[in-house]
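Asks: Here it is, the structure in full.
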Amino acid sequence: MNLGAISLSKCFDLDLKKKKKKKMLMEERKSSSVSDVGAWGMNIISSVGIIMANKQLMSQTGFAFSFATTLTGFHFSATAMVGWISNATGYSESKSVPFWELLWFSIIANTSIAAMNFSLMLNSVGFYQISKLSMIPVVCVMEWILHGKQYSREVKMAVAVVVVGVGVCTVTDVKVNAKGFICALVAVLCTSLQQISIGSLQKKYSIGSFELLSKTAPIQALSLLTVGPFIDYCLTSKSILNYSYTFNAFSFIVLSCSLAVFCNISQYLCIGRFSAVSFQVLGHMKTVCVLTLGWLLFDSEMTLKNISGMVLAVVGMVVYSWAVEIEKQGNAMAVPQTKSPLSDEELMLLKEGIEESGLRDEELGHVQKS
């Protein structure tokens with residue numbers, strides 16, 4: 001049998017394997033896209049659900065449980081318990097992360113929660129909404145400073161459209177004072193840094209989103225349950241020890257904690273899969289959903305200004321998704337294709353096949369002449 005034909009056959013077999021591998025990669029990408037949609041869906045549904053549940057739990061017309069910081073401690077306690085059960089049953093594996101990094105992250109995250117609550121108490125609702133909107137450009141600047149990340153003109157324009165749209169439909173009266181401004185500034189900086197750190201820690205230690213959450217949740221729960229009652233007393237002048245628990249109130253606390261577990265997991269998933277900026281931009285879909293459900297379920301006022309702002313925000317989110325995809329394609333095309341489409345092994349076999357084939361033809365020529 002011709003040795004060149006054998007080598008060429010091996011080369012074609014390798015090419016077939018390469019095509020199969022490429023097909024598997026395409027299927028993995030398709031599966032990843034489905035997972036991305038699932039993560040976003042879980043985050044939006046759980047976030048909107050927890051807002052609706054907390055509105056009933058904390059409002060004076062509901063159960064008047066006005067201890068927001070302590071309730072957040074309950075949320076992280078439930079999340080820590082789920083993480084512990086997952087590790088104990090072998091569903092997830094625990095990877096090593098330095099304790100000082102987990103402690104630093106938890107301090108930033110808890111400062112963000114406390115500062116947000118104080119900002120809401122000291123500032124008008126309008127300024128509170130503006131401070132939340134400012135997180136998008138702050139995250140962009142922080143990622144540029146910390147990681148040197150650059151953004152295309154299309155992405156910047158889309159971010160601006162989302163900020164304007166959400167601002168139009170949420171911002172009303174704007175009143176600010178020195179103490180409120182400082183609390184809002186601390187809240188924005190800490191929240192932005194916390195969300196950037198989620199993605200950074202996952203990449204740095206090659207740790208999954210749920211594994212990272214299961215490590216930070218116990219620290220956050222312990223610290224929030226320790227200082228939370230004092231912060232809530234400063235905010236409301238009420239003590240959680242004097243609250244009269246009813247079965248319905250307790251049921252809503254359990255519901256809030258259950259939704260918080262899904263909300264926390266999906267937040268870490270989304271930031272780990274995308275970026276803190278994408279989480280902030282697309283996360284404002286929750287604002288649109290909350291306004292719509294508030295109008296449908298709680299008879300909240302829905303004006304033309306609200307509707308136009310929501311439409312503008314949704315358009316901005318669509319443009320942002322398109323701009324990010326264009327940016328990814330541009331980065332992929334910018335990578336120089338210097339390597340041959342054939343692997344080194346395929347080239348070597350092809351070369352051997354040509355040489356062997358030429359040598360065999362030469363030998364046959366000599367035989368025919370003789």
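How things are named: the first chain in the structure tokens is A, the next is B, and so on; residues count from 1 in each chain; ligands count from 1 in the order shown.
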Where does DSSP see alpha helix (DSSP H) in stretch 168-332 of chain A, if you list the residues as a VMD selection string?
Replies: chain A and resid 168 to 170 178 to 204 209 to 236 247 to 273 276 to 283 285 to 297 304 to 332
Asks: How close does each residue of stretch 65-146 of chain A get to stretch 255-273 of chain A, giving the shortest atom pair and distance in Å to one decimal for every residue with an atom at most 12 Å away, counting only C-alpha atoms, sorted by chain and residue number, as CSV?
Replies:
residue,atom,partner,partner_atom,distance
A:Phe65,CA,A:Ser256,CA,11.9
A:Ala68,CA,A:Ser256,CA,11.4
A:Thr70,CA,A:Cys257,CA,11.6
A:Leu71,CA,A:Cys257,CA,8.2
A:Thr72,CA,A:Cys257,CA,8.4
A:Gly73,CA,A:Cys257,CA,9.5
A:Phe74,CA,A:Cys257,CA,6.6
A:His75,CA,A:Cys257,CA,4.7
A:Phe76,CA,A:Val261,CA,7.6
A:Ser77,CA,A:Cys257,CA,8.5
A:Ala78,CA,A:Cys257,CA,6.2
A:Thr79,CA,A:Val261,CA,5.0
A:Ala80,CA,A:Val261,CA,8.8
A:Met81,CA,A:Val261,CA,9.7
A:Val82,CA,A:Val261,CA,7.9
A:Gly83,CA,A:Val261,CA,9.7
Asks: Could you take the residues named above and write them with C-alpha atoms, as a PDB file, in the first residue's frame?
Replies:
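Ended up saving to part.pdb:
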ATOM      1  CA  PHE A  65     -41.181  45.255  59.512  1.00  0.00           C
ATOM      2  CA  ALA A  68     -33.952  46.553  56.412  1.00  0.00           C
ATOM      3  CA  THR A  70     -31.231  43.098  59.810  1.00  0.00           C
ATOM      4  CA  LEU A  71     -33.454  41.607  57.113  1.00  0.00           C
ATOM      5  CA  THR A  72     -30.435  41.624  54.775  1.00  0.00           C
ATOM      6  CA  GLY A  73     -28.580  39.713  57.492  1.00  0.00           C
ATOM      7  CA  PHE A  74     -31.388  37.118  57.412  1.00  0.00           C
ATOM      8  CA  HIS A  75     -30.986  36.962  53.620  1.00  0.00           C
ATOM      9  CA  PHE A  76     -27.285  36.167  53.805  1.00  0.00           C
ATOM     10  CA  SER A  77     -27.887  33.678  56.634  1.00  0.00           C
ATOM     11  CA  ALA A  78     -30.254  31.739  54.369  1.00  0.00           C
ATOM     12  CA  THR A  79     -27.727  31.968  51.506  1.00  0.00           C
ATOM     13  CA  ALA A  80     -24.913  30.745  53.800  1.00  0.00           C
ATOM     14  CA  MET A  81     -27.064  27.807  54.916  1.00  0.00           C
ATOM     15  CA  VAL A  82     -27.748  26.791  51.301  1.00  0.00           C
ATOM     16  CA  GLY A  83     -24.019  27.044  50.548  1.00  0.00           C
TER      17      GLY A  83
END
Asks: Find the residues near A:Cys140: any atom within 9 Å, counting only C-alpha atoms, skip ones fewer than 5 places away on the same chain, and give them as a PyMOL selection string.
Replies: chain A and resi 135+145+149-151+276-277
Asks: Could those residues be written to a file, using N, CA and C atoms, as a short mmCIF file (atom, residue, chain, number, x, y, z; two decimals), in the first residue's frame?
Replies:
data_model
loop_
_atom_site.label_atom_id
_atom_site.label_comp_id
_atom_site.auth_asym_id
_atom_site.auth_seq_id
_atom_site.Cartn_x
_atom_site.Cartn_y
_atom_site.Cartn_z
N MET A 135 -24.08 54.80 39.32
CA MET A 135 -23.21 53.62 39.46
C MET A 135 -22.68 53.14 38.11
N ILE A 145 -9.73 52.32 35.53
CA ILE A 145 -8.61 52.60 36.43
C ILE A 145 -7.96 51.30 36.91
N LYS A 149 -9.76 48.76 31.27
CA LYS A 149 -10.77 48.37 30.29
C LYS A 149 -11.22 49.56 29.47
N GLN A 150 -11.34 49.36 28.16
CA GLN A 150 -11.77 50.41 27.24
C GLN A 150 -13.18 50.10 26.73
N TYR A 151 -13.94 51.16 26.42
CA TYR A 151 -15.30 50.99 25.93
C TYR A 151 -15.45 51.70 24.59
N ALA A 276 -19.52 43.90 35.46
CA ALA A 276 -20.28 44.74 36.38
C ALA A 276 -21.08 45.79 35.62
N VAL A 277 -20.52 46.29 34.51
CA VAL A 277 -21.23 47.31 33.72
C VAL A 277 -22.49 46.70 33.10
#
Asks: I want to know what sits within 8 Å of A:Glu93, based on only C-alpha atoms, with residues of the same chain fewer than 3 positions away left out; could you give that as a VMD selection string?
Replies: chain A and resid 87 90 211
Asks: Which residues are close to A:Tyr205, i.e. within 7 Å by only C-alpha atoms, leaving aside same-chain residues fewer than 3 positions away? Reply as a list in words.
Replies: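 Neighbouring residues, sequence-local ones excluded: Val97, Leu201 and Gln202 of chain A.
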Asks: Considering only C-alpha atoms, return as number ranges by chain whatever protein or nucleic-acid residues lie within 12 Å of A:Ala158, sequence-local ones (same chain, fewer than 2 positions apart) excluded.
Replies: A: 136-137, 151-156, 160-165, 277-278, 281-282, 312-324
Asks: I'd like to know which of A:Val159, A:Ala249, A:Met42, A:Val227 is closest to A:Lys286, using only C-alpha atoms.
Replies: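 So, comparing all the options, the nearest one is A:Met42.
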Asks: Mind giving me the straight-line distance from atom CA of A:Gln129 to atom CA of A:Val37 in Å, one decimal?
Replies: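 Pair atom CA of A:Gln129 / atom CA of A:Val37 returns 26.8 Å.
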